[in-house]
$ cat coords-v5.pdb   # PDB, C-alpha atoms
ATOM      1  CA  MET A   1      99.328  92.519 102.291
ATOM      2  CA  ILE A   2      99.984  93.465  98.690
ATOM      3  CA  PRO A   3     101.878  90.583  97.080
ATOM      4  CA  ILE A   4     105.087  91.237  95.195
ATOM      5  CA  ASN A   5     104.960  91.043  91.418
ATOM      6  CA  GLU A   6     106.084  87.504  90.650
ATOM      7  CA  ASN A   7     106.539  88.521  86.988
ATOM      8  CA  ALA A   8     108.861  91.440  87.767
ATOM      9  CA  PRO A   9     112.325  91.246  86.187
ATOM     10  CA  VAL A  10     113.979  91.618  89.600
ATOM     11  CA  LYS A  11     112.617  89.867  92.699
ATOM     12  CA  ALA A  12     113.855  88.052  95.774
ATOM     13  CA  LYS A  13     112.569  86.212  98.846
ATOM     14  CA  LYS A  14     114.745  85.445 101.848
ATOM     15  CA  SER A  15     114.371  84.463 105.489
ATOM     16  CA  ILE A  16     116.394  84.283 108.680
ATOM     17  CA  GLN A  17     116.006  82.811 112.159
ATOM     18  CA  ILE A  18     116.578  85.286 114.992
ATOM     19  CA  ASP A  19     117.163  84.368 118.635
ATOM     20  CA  ALA A  20     114.905  87.132 119.963
ATOM     21  CA  LEU A  21     111.236  87.698 120.659
ATOM     22  CA  PRO A  22     109.010  88.806 117.761
ATOM     23  CA  GLN A  23     108.249  92.037 119.672
ATOM     24  CA  ILE A  24     111.928  93.046 119.538
ATOM     25  CA  VAL A  25     112.160  92.355 115.814
ATOM     26  CA  TRP A  26     108.894  94.232 115.209
ATOM     27  CA  LYS A  27     110.163  97.263 117.154
ATOM     28  CA  LEU A  28     113.290  97.450 114.986
ATOM     29  CA  LEU A  29     111.339  97.158 111.725
ATOM     30  CA  SER A  30     108.459  99.432 112.702
ATOM     31  CA  GLU A  31     110.509 102.325 114.115
ATOM     32  CA  ILE A  32     111.276 103.619 110.636
ATOM     33  CA  ASP A  33     112.893 106.839 111.928
ATOM     34  CA  LYS A  34     115.533 104.726 113.694
ATOM     35  CA  TRP A  35     116.491 102.331 110.887
ATOM     36  CA  ASN A  36     119.856 104.036 110.473
ATOM     37  CA  GLU A  37     120.743 103.145 114.084
ATOM     38  CA  TRP A  38     121.067  99.462 113.182
ATOM     39  CA  ASN A  39     121.154  99.311 109.363
ATOM     40  CA  GLN A  40     124.415 100.712 108.011
ATOM     41  CA  ASP A  41     123.034 100.945 104.450
ATOM     42  CA  ILE A  42     120.367 103.474 105.475
ATOM     43  CA  LYS A  43     121.552 107.043 105.911
ATOM     44  CA  GLN A  44     118.225 108.539 106.936
ATOM     45  CA  SER A  45     114.568 107.548 107.225
ATOM     46  CA  LYS A  46     111.547 109.610 108.220
ATOM     47  CA  LEU A  47     107.973 108.411 108.696
ATOM     48  CA  ASN A  48     105.492 111.122 107.679
ATOM     49  CA  GLY A  49     102.611 110.437 110.052
ATOM     50  CA  GLU A  50     101.483 107.384 111.968
ATOM     51  CA  LEU A  51     102.591 103.797 111.447
ATOM     52  CA  GLU A  52      99.561 102.761 109.389
ATOM     53  CA  ALA A  53      98.639 101.806 105.849
ATOM     54  CA  GLY A  54      98.635 104.879 103.634
ATOM     55  CA  SER A  55     101.370 106.742 105.521
ATOM     56  CA  THR A  56     104.448 107.714 103.568
ATOM     57  CA  PHE A  57     108.105 107.714 104.497
ATOM     58  CA  ASP A  58     111.230 109.061 102.882
ATOM     59  CA  TRP A  59     114.590 107.383 103.175
ATOM     60  CA  SER A  60     117.952 107.015 101.540
ATOM     61  CA  SER A  61     119.784 103.772 100.975
ATOM     62  CA  GLY A  62     122.790 103.056  98.812
ATOM     63  CA  GLY A  63     122.901 106.663  97.652
ATOM     64  CA  ALA A  64     119.294 106.611  96.420
ATOM     65  CA  LYS A  65     116.524 108.783  97.823
ATOM     66  CA  ILE A  66     113.338 106.745  98.057
ATOM     67  CA  SER A  67     109.726 107.740  98.739
ATOM     68  CA  SER A  68     107.570 104.878  99.969
ATOM     69  CA  THR A  69     103.997 104.307 101.089
ATOM     70  CA  LEU A  70     103.055 101.743 103.719
ATOM     71  CA  HIS A  71     100.467  99.334 102.332
ATOM     72  CA  SER A  72     100.317  96.837 105.206
ATOM     73  CA  VAL A  73     100.840  97.210 108.938
ATOM     74  CA  ILE A  74      99.798  94.343 111.199
ATOM     75  CA  PRO A  75     101.577  94.852 114.547
ATOM     76  CA  GLN A  76     104.021  92.089 115.445
ATOM     77  CA  LYS A  77     103.296  90.297 112.128
ATOM     78  CA  VAL A  78     103.590  92.259 108.853
ATOM     79  CA  ILE A  79     104.953  95.524 107.528
ATOM     80  CA  GLY A  80     105.048  96.290 103.831
ATOM     81  CA  TRP A  81     105.419  99.199 101.472
ATOM     82  CA  SER A  82     105.705 100.202  97.866
ATOM     83  CA  GLY A  83     107.848 102.926  96.420
ATOM     84  CA  LYS A  84     109.638 104.446  93.482
ATOM     85  CA  ALA A  85     113.369 104.992  92.947
ATOM     86  CA  PHE A  86     115.799 104.710  90.019
ATOM     87  CA  GLY A  87     112.836 104.829  87.637
ATOM     88  CA  ALA A  88     111.653 101.603  89.202
ATOM     89  CA  TYR A  89     108.575 100.579  91.147
ATOM     90  CA  ALA A  90     109.130  98.241  94.088
ATOM     91  CA  ILE A  91     106.925  96.275  96.476
ATOM     92  CA  HIS A  92     108.617  95.224  99.722
ATOM     93  CA  ASN A  93     107.126  93.010 102.468
ATOM     94  CA  TRP A  94     108.332  91.772 105.849
ATOM     95  CA  SER A  95     106.626  88.938 107.777
ATOM     96  CA  ILE A  96     107.420  87.958 111.356
ATOM     97  CA  SER A  97     106.419  84.752 113.142
ATOM     98  CA  GLU A  98     107.410  82.899 116.278
ATOM     99  CA  VAL A  99     108.934  79.469 115.686
ATOM    100  CA  ASN A 100     110.048  77.338 118.639
ATOM    101  CA  GLY A 101     110.805  80.325 120.867
ATOM    102  CA  ASN A 102     112.716  82.190 118.140
ATOM    103  CA  THR A 103     111.572  84.579 115.455
ATOM    104  CA  GLU A 104     111.452  83.743 111.780
ATOM    105  CA  VAL A 105     111.602  86.741 109.483
ATOM    106  CA  TRP A 106     110.710  86.617 105.797
ATOM    107  CA  VAL A 107     111.398  89.456 103.415
ATOM    108  CA  GLU A 108     110.379  89.710  99.775
ATOM    109  CA  GLU A 109     110.665  92.396  97.141
ATOM    110  CA  SER A 110     109.897  92.878  93.477
ATOM    111  CA  MET A 111     111.268  95.668  91.292
ATOM    112  CA  GLU A 112     109.966  96.585  87.857
ATOM    113  CA  GLY A 113     110.543  99.266  85.274
ATOM    114  CA  THR A 114     112.690  99.923  82.221
ATOM    115  CA  LEU A 115     115.976 100.125  84.120
ATOM    116  CA  MET A 116     115.211  96.883  85.941
ATOM    117  CA  ARG A 117     114.801  95.102  82.596
ATOM    118  CA  ILE A 118     117.904  96.668  81.036
ATOM    119  CA  PHE A 119     120.166  96.085  84.062
ATOM    120  CA  ARG A 120     118.411  92.955  85.318
ATOM    121  CA  GLY A 121     121.509  90.977  86.333
ATOM    122  CA  TYR A 122     123.176  93.872  88.133
ATOM    123  CA  MET A 123     119.957  94.916  89.914
ATOM    124  CA  GLN A 124     119.167  91.319  90.907
ATOM    125  CA  ASN A 125     122.607  91.019  92.486
ATOM    126  CA  THR A 126     122.159  94.383  94.225
ATOM    127  CA  LEU A 127     118.759  93.333  95.609
ATOM    128  CA  ASP A 128     120.022  89.933  96.809
ATOM    129  CA  ASN A 129     123.036  91.456  98.555
ATOM    130  CA  GLY A 130     120.985  94.272 100.065
ATOM    131  CA  MET A 131     118.374  91.887 101.459
ATOM    132  CA  ASN A 132     121.057  89.689 102.998
ATOM    133  CA  ARG A 133     122.624  92.737 104.699
ATOM    134  CA  TRP A 134     119.230  93.907 106.046
ATOM    135  CA  LEU A 135     118.518  90.468 107.493
ATOM    136  CA  GLU A 136     121.975  90.065 109.037
ATOM    137  CA  GLN A 137     121.914  93.545 110.572
ATOM    138  CA  LEU A 138     118.351  92.998 111.838
ATOM    139  CA  LYS A 139     119.455  89.718 113.447
ATOM    140  CA  GLU A 140     122.489  91.347 115.056
ATOM    141  CA  ALA A 141     120.472  94.276 116.446
ATOM    142  CA  ALA A 142     117.615  92.081 117.737
ATOM    143  CA  GLU A 143     119.921  89.594 119.431
ATOM    144  CA  LYS A 144     121.735  92.413 121.289
ATOM    145  CA  ASN A 145     118.485  93.394 123.071
TER     146      ASN A 145
END
$ encode --input "coords-v5.pdb" --output "structure tokens"
Amino acid sequence: MIPINENAPVKAKKSIQIDALPQIVWKLLSEIDKWNEWNQDIKQSKLNGELEAGSTFDWSSGGAKISSTLHSVIPQKVIGWSGKAFGAYAIHNWSISEVNGNTEVWVEESMEGTLMRIFRGYMQNTLDNGMNRWLEQLKEAAEKN
């Protein structure tokens, strides 16, 4: 997995406990074309190829069109990508593990670039809120299955 840039002006790490099997959580995260079925912030998402490192996907979230490249895919464990949007470069990683019959999900992201430095406070708040929504919606969708 490519680590996030700890020196980036905007970065966040968050986790959540989900009362569902890791396989259910993995299915939701790895079926990129279906993200908009459970994540209200994502309008569209399309994987261009197989679910493997090096494959690209295009998606839109919060009004932004984003092109990303998968850098890490370890089934049931890790999915991560990097991408560019808003004149920024981001690294985003998800990790899944089983803990006492539940699933613990960690997400981390770093964002760098001129706009991230100029609008650091606003973008940090946007990233924090967006990550919280992803985790809450992931939890809700996984626990319905």
$ resolve_selection --input "coords-v5.pdb" --expression "the PyMOL selection byres ((chain A and resi 19) around 7)" --output "PyMOL selection string"
chain A and resi 17-18+20+102-103+143
$ resolve_selection --input "coords-v5.pdb" --expression "the PyMOL selection byres ((chain A and resi 32-44) around 6)" --output "PyMOL selection string"
chain A and resi 30-31+45-46+59-61+137
$ atom_distance --input "coords-v5.pdb" --atom1 "atom CA of A:Met131" --atom2 "atom CA of A:Val107"
7.6 Å
$ closest_residue --input "coords-v5.pdb" --among "A:Pro22, A:Lys11, A:Pro3, A:Tyr89" --to "A:Lys139" --atoms "all atoms listed in the file"
A:Pro22
$ closest_residue --input "coords-v5.pdb" --among "A:Thr114, A:Asn100, A:Thr126, A:Ser82" --to "A:Ile66" --atoms "all atoms listed in the file"
A:Ser82
$ atom_distance --input "coords-v5.pdb" --atom1 "atom CA of A:Gly54" --atom2 "atom CA of A:Gly80"
10.7 Å
$ axis_aligned_box --input "coords-v5.pdb" --around "stretch 120-134 of chain A" --padding-each-side "8 Å" --output "AutoDock Vina command-line options"
--center_x 120.8 --center_y 92.3 --center_z 95.7 --size_x 20.8 --size_y 21.2 --size_z 36.7
$ resolve_selection --input "coords-v5.pdb" --expression "the PyMOL selection byres ((chain A and resi 77) around 7)" --output "PyMOL selection string"
chain A and resi 74-76+78+95-97
$ atom_distance --input "coords-v5.pdb" --atom1 "atom CA of A:Lys144" --atom2 "atom CA of A:Glu98"
17.9 Å
$ closest_residue --input "coords-v5.pdb" --among "A:Leu28, A:Ala141, A:Ile4, A:Ala88" --to "A:Glu108" --atoms "only C-alpha atoms"
A:Ile4
$ residues_around --input "coords-v5.pdb" --residues "A:Asn129" --least-positions-apart "4" --cutoff "12 Å" --atoms "all atoms listed in the file" --output "list in words"
Ala12, Lys13, Lys14, Asp41, Gly62, Tyr122, Met123, Gln124, Asn125, Arg133, Trp134, Leu135 and Glu136 of chain A
$ closest_residue --input "coords-v5.pdb" --among "A:Leu21, A:Trp94, A:Lys84, A:Glu50" --to "A:Met111" --atoms "all atoms listed in the file"
A:Lys84
$ closest_residue --input "coords-v5.pdb" --among "A:Ser110, A:Thr56, A:Lys27, A:Leu51" --to "A:Asp128" --atoms "only C-alpha atoms"
A:Ser110
$ closest_residue --input "coords-v5.pdb" --among "A:Ser15, A:Asn132, A:Asn145, A:Asn5" --to "A:Ala90" --atoms "all atoms listed in the file"
A:Asn5
$ decode --input "coords-v5.pdb" --residues "stretch 20-63 of chain A" --atoms "N, CA and C atoms" --output "mmCIF file, in the first residue's frame"
data_model
loop_
_atom_site.group_PDB
_atom_site.id
_atom_site.type_symbol
_atom_site.label_atom_id
_atom_site.label_comp_id
_atom_site.auth_asym_id
_atom_site.auth_seq_id
_atom_site.Cartn_x
_atom_site.Cartn_y
_atom_site.Cartn_z
ATOM 1 N N ALA A 20 -20.891 -6.318 10.722
ATOM 2 C CA ALA A 20 -21.060 -7.092 9.493
ATOM 3 C C ALA A 20 -19.740 -7.808 9.212
ATOM 4 N N LEU A 21 -19.811 -8.831 8.394
ATOM 5 C CA LEU A 21 -18.609 -9.568 8.035
ATOM 6 C C LEU A 21 -17.706 -8.732 7.131
ATOM 7 N N PRO A 22 -16.389 -8.932 7.213
ATOM 8 C CA PRO A 22 -15.470 -8.203 6.344
ATOM 9 C C PRO A 22 -15.793 -8.382 4.852
ATOM 10 N N GLN A 23 -16.305 -9.560 4.471
ATOM 11 C CA GLN A 23 -16.620 -9.814 3.065
ATOM 12 C C GLN A 23 -17.705 -8.865 2.555
ATOM 13 N N ILE A 24 -18.658 -8.523 3.406
ATOM 14 C CA ILE A 24 -19.737 -7.609 3.013
ATOM 15 C C ILE A 24 -19.175 -6.204 2.825
ATOM 16 N N VAL A 25 -18.342 -5.781 3.754
ATOM 17 C CA VAL A 25 -17.727 -4.456 3.665
ATOM 18 C C VAL A 25 -16.841 -4.390 2.419
ATOM 19 N N TRP A 26 -16.049 -5.422 2.186
ATOM 20 C CA TRP A 26 -15.178 -5.470 1.014
ATOM 21 C C TRP A 26 -15.999 -5.351 -0.269
ATOM 22 N N LYS A 27 -17.106 -6.082 -0.354
ATOM 23 C CA LYS A 27 -17.939 -6.046 -1.560
ATOM 24 C C LYS A 27 -18.408 -4.622 -1.839
ATOM 25 N N LEU A 28 -18.848 -3.915 -0.818
ATOM 26 C CA LEU A 28 -19.312 -2.538 -0.997
ATOM 27 C C LEU A 28 -18.181 -1.618 -1.482
ATOM 28 N N LEU A 29 -17.009 -1.757 -0.888
ATOM 29 C CA LEU A 29 -15.886 -0.893 -1.271
ATOM 30 C C LEU A 29 -15.294 -1.260 -2.629
ATOM 31 N N SER A 30 -15.281 -2.531 -2.959
ATOM 32 C CA SER A 30 -14.603 -2.972 -4.178
ATOM 33 C C SER A 30 -15.480 -2.908 -5.421
ATOM 34 N N GLU A 31 -16.786 -2.841 -5.269
ATOM 35 C CA GLU A 31 -17.672 -2.704 -6.431
ATOM 36 C C GLU A 31 -17.818 -1.212 -6.749
ATOM 37 N N ILE A 32 -16.768 -0.670 -7.313
ATOM 38 C CA ILE A 32 -16.669 0.773 -7.561
ATOM 39 C C ILE A 32 -17.848 1.286 -8.391
ATOM 40 N N ASP A 33 -18.284 0.524 -9.383
ATOM 41 C CA ASP A 33 -19.394 0.951 -10.243
ATOM 42 C C ASP A 33 -20.703 1.126 -9.483
ATOM 43 N N LYS A 34 -20.778 0.579 -8.277
ATOM 44 C CA LYS A 34 -22.023 0.630 -7.497
ATOM 45 C C LYS A 34 -21.939 1.547 -6.277
ATOM 46 N N TRP A 35 -20.865 2.312 -6.155
ATOM 47 C CA TRP A 35 -20.726 3.197 -4.996
ATOM 48 C C TRP A 35 -21.931 4.106 -4.810
ATOM 49 N N ASN A 36 -22.471 4.605 -5.919
ATOM 50 C CA ASN A 36 -23.590 5.551 -5.805
ATOM 51 C C ASN A 36 -24.862 4.900 -5.273
ATOM 52 N N GLU A 37 -24.924 3.590 -5.197
ATOM 53 C CA GLU A 37 -26.088 2.900 -4.647
ATOM 54 C C GLU A 37 -26.159 3.013 -3.135
ATOM 55 N N TRP A 38 -25.035 3.273 -2.492
ATOM 56 C CA TRP A 38 -25.039 3.377 -1.020
ATOM 57 C C TRP A 38 -24.398 4.666 -0.506
ATOM 58 N N ASN A 39 -23.624 5.353 -1.349
ATOM 59 C CA ASN A 39 -22.981 6.597 -0.930
ATOM 60 C C ASN A 39 -23.647 7.766 -1.650
ATOM 61 N N GLN A 40 -24.409 8.549 -0.908
ATOM 62 C CA GLN A 40 -25.178 9.644 -1.491
ATOM 63 C C GLN A 40 -24.307 10.762 -2.057
ATOM 64 N N ASP A 41 -23.056 10.861 -1.649
ATOM 65 C CA ASP A 41 -22.163 11.910 -2.136
ATOM 66 C C ASP A 41 -21.607 11.605 -3.528
ATOM 67 N N ILE A 42 -21.702 10.342 -3.946
ATOM 68 C CA ILE A 42 -21.135 9.934 -5.234
ATOM 69 C C ILE A 42 -22.247 9.836 -6.268
ATOM 70 N N LYS A 43 -22.099 10.616 -7.328
ATOM 71 C CA LYS A 43 -23.120 10.639 -8.380
ATOM 72 C C LYS A 43 -22.900 9.542 -9.399
ATOM 73 N N GLN A 44 -21.652 9.254 -9.701
ATOM 74 C CA GLN A 44 -21.330 8.184 -10.645
ATOM 75 C C GLN A 44 -19.920 7.690 -10.371
ATOM 76 N N SER A 45 -19.659 6.437 -10.736
ATOM 77 C CA SER A 45 -18.322 5.865 -10.601
ATOM 78 C C SER A 45 -18.202 4.723 -11.603
ATOM 79 N N LYS A 46 -17.085 4.672 -12.300
ATOM 80 C CA LYS A 46 -16.888 3.668 -13.337
ATOM 81 C C LYS A 46 -15.457 3.162 -13.313
ATOM 82 N N LEU A 47 -15.308 1.865 -13.033
ATOM 83 C CA LEU A 47 -14.002 1.211 -13.069
ATOM 84 C C LEU A 47 -13.670 0.894 -14.520
ATOM 85 N N ASN A 48 -12.490 1.298 -14.958
ATOM 86 C CA ASN A 48 -12.044 1.064 -16.337
ATOM 87 C C ASN A 48 -11.116 -0.146 -16.358
ATOM 88 N N GLY A 49 -11.687 -1.330 -16.348
ATOM 89 C CA GLY A 49 -10.871 -2.545 -16.352
ATOM 90 C C GLY A 49 -11.182 -3.407 -15.144
ATOM 91 N N GLU A 50 -10.190 -4.194 -14.762
ATOM 92 C CA GLU A 50 -10.337 -5.123 -13.644
ATOM 93 C C GLU A 50 -10.011 -4.432 -12.321
ATOM 94 N N LEU A 51 -10.468 -5.039 -11.236
ATOM 95 C CA LEU A 51 -10.150 -4.532 -9.904
ATOM 96 C C LEU A 51 -8.743 -5.008 -9.545
ATOM 97 N N GLU A 52 -7.745 -4.214 -9.958
ATOM 98 C CA GLU A 52 -6.349 -4.559 -9.707
ATOM 99 C C GLU A 52 -5.508 -3.293 -9.743
ATOM 100 N N ALA A 53 -4.364 -3.360 -9.097
ATOM 101 C CA ALA A 53 -3.452 -2.211 -9.087
ATOM 102 C C ALA A 53 -3.134 -1.814 -10.517
ATOM 103 N N GLY A 54 -3.184 -0.510 -10.775
ATOM 104 C CA GLY A 54 -2.914 0.014 -12.106
ATOM 105 C C GLY A 54 -4.167 0.367 -12.886
ATOM 106 N N SER A 55 -5.308 -0.203 -12.515
ATOM 107 C CA SER A 55 -6.568 0.127 -13.181
ATOM 108 C C SER A 55 -7.022 1.519 -12.764
ATOM 109 N N THR A 56 -7.697 2.186 -13.674
ATOM 110 C CA THR A 56 -8.193 3.526 -13.386
ATOM 111 C C THR A 56 -9.706 3.489 -13.182
ATOM 112 N N PHE A 57 -10.207 4.528 -12.538
ATOM 113 C CA PHE A 57 -11.651 4.707 -12.445
ATOM 114 C C PHE A 57 -11.951 6.191 -12.416
ATOM 115 N N ASP A 58 -13.122 6.511 -12.937
ATOM 116 C CA ASP A 58 -13.583 7.893 -12.994
ATOM 117 C C ASP A 58 -14.838 7.994 -12.155
ATOM 118 N N TRP A 59 -14.935 9.090 -11.403
ATOM 119 C CA TRP A 59 -16.081 9.242 -10.518
ATOM 120 C C TRP A 59 -16.330 10.712 -10.243
ATOM 121 N N SER A 60 -17.509 10.989 -9.731
ATOM 122 C CA SER A 60 -17.814 12.363 -9.347
ATOM 123 C C SER A 60 -18.377 12.366 -7.934
ATOM 124 N N SER A 61 -17.867 13.291 -7.156
ATOM 125 C CA SER A 61 -18.262 13.420 -5.759
ATOM 126 C C SER A 61 -18.226 14.893 -5.387
ATOM 127 N N GLY A 62 -19.290 15.360 -4.778
ATOM 128 C CA GLY A 62 -19.341 16.749 -4.353
ATOM 129 C C GLY A 62 -19.203 17.730 -5.505
ATOM 130 N N GLY A 63 -19.669 17.349 -6.682
ATOM 131 C CA GLY A 63 -19.594 18.219 -7.839
ATOM 132 C C GLY A 63 -18.273 18.166 -8.586
#
